[in-house]
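These notes are about the structure you will find just below.
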Number of protein chains: 2
Amino acid sequence: MPDTSGKGCLFLLSGPSGSGKDTILKQVLARLPDLHFSISATTRPRRDPSDDEKYHFMTREEFEQGIAAGTFLEHARYVDHYYGTPAGPIEAWRAKGEDVLVECEVQGALQIMQRVPDLTSIFIMPPSLAVLRRRLQNRQTETAEQTEKRIQTALTEMRAAPHYQYLVINDALEDAVSQVCGIITAGRAAMARHIDFINEVLQSC
Amino acid sequence: MPDTSGKGCLFLLSGPSGSGKDTILKQVLARLPDLHFSISATTRPRRDPSDDEKYHFMTREEFEQGIAAGTFLEHARYVDHYYGTPAGPIEAWRAKGEDVLVECEVQGALQIMQRVPDLTSIFIMPPSLAVLRRRLQNRQTETAEQTEKRIQTALTEMRAAPHYQYLVINDALEDAVSQVCGIITAGRAAMARHIDFINEVLQSC
């Protein structure tokens, strides 16, 4: 067994639009205040002052230099803008024994799985396609065509779910939040993290 | 990934005397009433009517026939008596999609790990040797020599802890119970159990 004693855990959360992953994420972070949340980097323009809580804004040049230097755990380009997960802060927290939660699209998640072998990955699913459709249709800001496009993207993303270690079905929100917190609790109790502790106890006699 | 959709989980709990595993076990079963508890079989005499909650009593002949027929997930002989974990009820529950918790000594646990590849194994540790010693000394019914023997056995058992998947340090009881419940929640959310669900959702469109 690899000895990762003293190293913080990395938890990854993904799920399609309409899975409710953003609400789950907020409630998990509220319940587990010692968990760091990894902020994404992007080159897209700031739309709203609250965006700064979720994104670290970079110029295209800065982002491309970062890609070349390998400073992203994953990155992707959507509609002319880059999005990525900076590796630096995550590695610094983990080295101090602190745990980190990252939220990420499926394509990026598959990149992180390749790069971080001791990752704990969680996929959030809606309980049915009918529920997903209803949740997306309730977003009054979108056209029927946009909703249909989101459903097709969700289907593509759900086909990748078996690559994740855990599946949380978001039927009742409170249950889904408890399940994610349970998975985080289990990750923290993983034997590989406690080998030093066992050796200390055994050597104290 | 193996598809274990529809199959119940098997959770295994071990820990030395003084780790508090029996108290944790009781509280976990009270919190998770849908979890079955696997009763051990033994040839030792019944000491107390409440023993029937914990043991299935068998004659030596019945037990030896069971060993020969492979009906135990693990078995061992201590001080002239057999102890074992009957496989039948566990397999029947799991086949129905129901989850089972089994408590077992370390030697037996190592046998179950060999036989049940999708087992979730949890080792309970005291926070220090000093705490273990104090807990064992507080058992007024035992001589100093018996206590010392228990400590030596605990040390031997703790050396096997790295064979388990999870370590729960029983410092504060409530935290330890929550950790075991979290590990059980995570086991239930393991991706391998939900492949059928994902396929059903995808096929419904």
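Just so we're on the same page: first chain in the structure tokens is A, next is B, and so on; residues restart at 1 for each chain, and ligands are numbered from 1 in the order they show up.
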
- From chain A, collect each residue whose DSSP state is alpha helix (DSSP H) and return the set as JSON, numbers by chain. {"A": [21, 22, 23, 24, 25, 26, 27, 28, 29, 30, 31, 60, 61, 62, 63, 64, 65, 66, 67, 68, 69, 87, 88, 89, 90, 91, 92, 93, 94, 95, 106, 107, 108, 109, 110, 111, 112, 113, 114, 115, 129, 130, 131, 132, 133, 134, 135, 136, 137, 144, 145, 146, 147, 148, 149, 150, 151, 152, 153, 154, 155, 156, 157, 158, 159, 173, 174, 175, 176, 177, 178, 179, 180, 181, 182, 183, 184, 185, 186, 187, 188, 195, 196, 197, 198, 199, 200, 201, 202, 203]}

- Within 10 Å of chain A, which residues of chain B are there when counting only C-alpha atoms? Please give them as an NGL selection string. :B and (1 or 3 or 121-123 or 125-130 or 151-152 or 154-156 or 158-169 or 178-195 or 197-205)

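Residues of stretch 20-94 of chain B that DSSP places in strand (DSSP E), based on the backbone of this structure, are B:His36, B:Phe37, B:Ser40, B:Ala41, B:Thr42, B:Tyr55, B:His56, B:Phe57, B:Phe72, B:Leu73, B:Glu74, B:His75, B:Ala76, B:Arg77, B:Tyr78, B:His81, B:Tyr82, B:Tyr83, B:Gly84, B:Thr85, B:Pro86.
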
- Message: One number please: atom CA of B:Lys7 to atom CA of B:Val116, in Å, one decimal.
- Response: 12.9 Å

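Of the listed residues (B:Ile39, B:Thr143, B:Ser19, B:Glu53), B:Ser19 comes nearest to B:Val131; the distances count only C-alpha atoms.
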
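Interatomic distance, atom CA of B:Gly70 to atom CA of B:Pro49: 28.8 Å.
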
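Once B:Ile24 and its same-chain neighbours fewer than 4 positions away are set aside, B:Gly20, B:Val28, B:Leu173, B:Ala176, B:Val177 remain within 8 Å of it when counting only C-alpha atoms.
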
- Query: atom CA of B:Asp80 and atom CA of B:Gln146, how far apart in Å?
  - Reply: 18.5 Å

- Query: When distances are computed from only C-alpha atoms, which of A:Ser14, A:Thr42, A:Thr4, A:Asn138 shows the smallest separation from A:Glu105?
  - Reply: A:Ser14
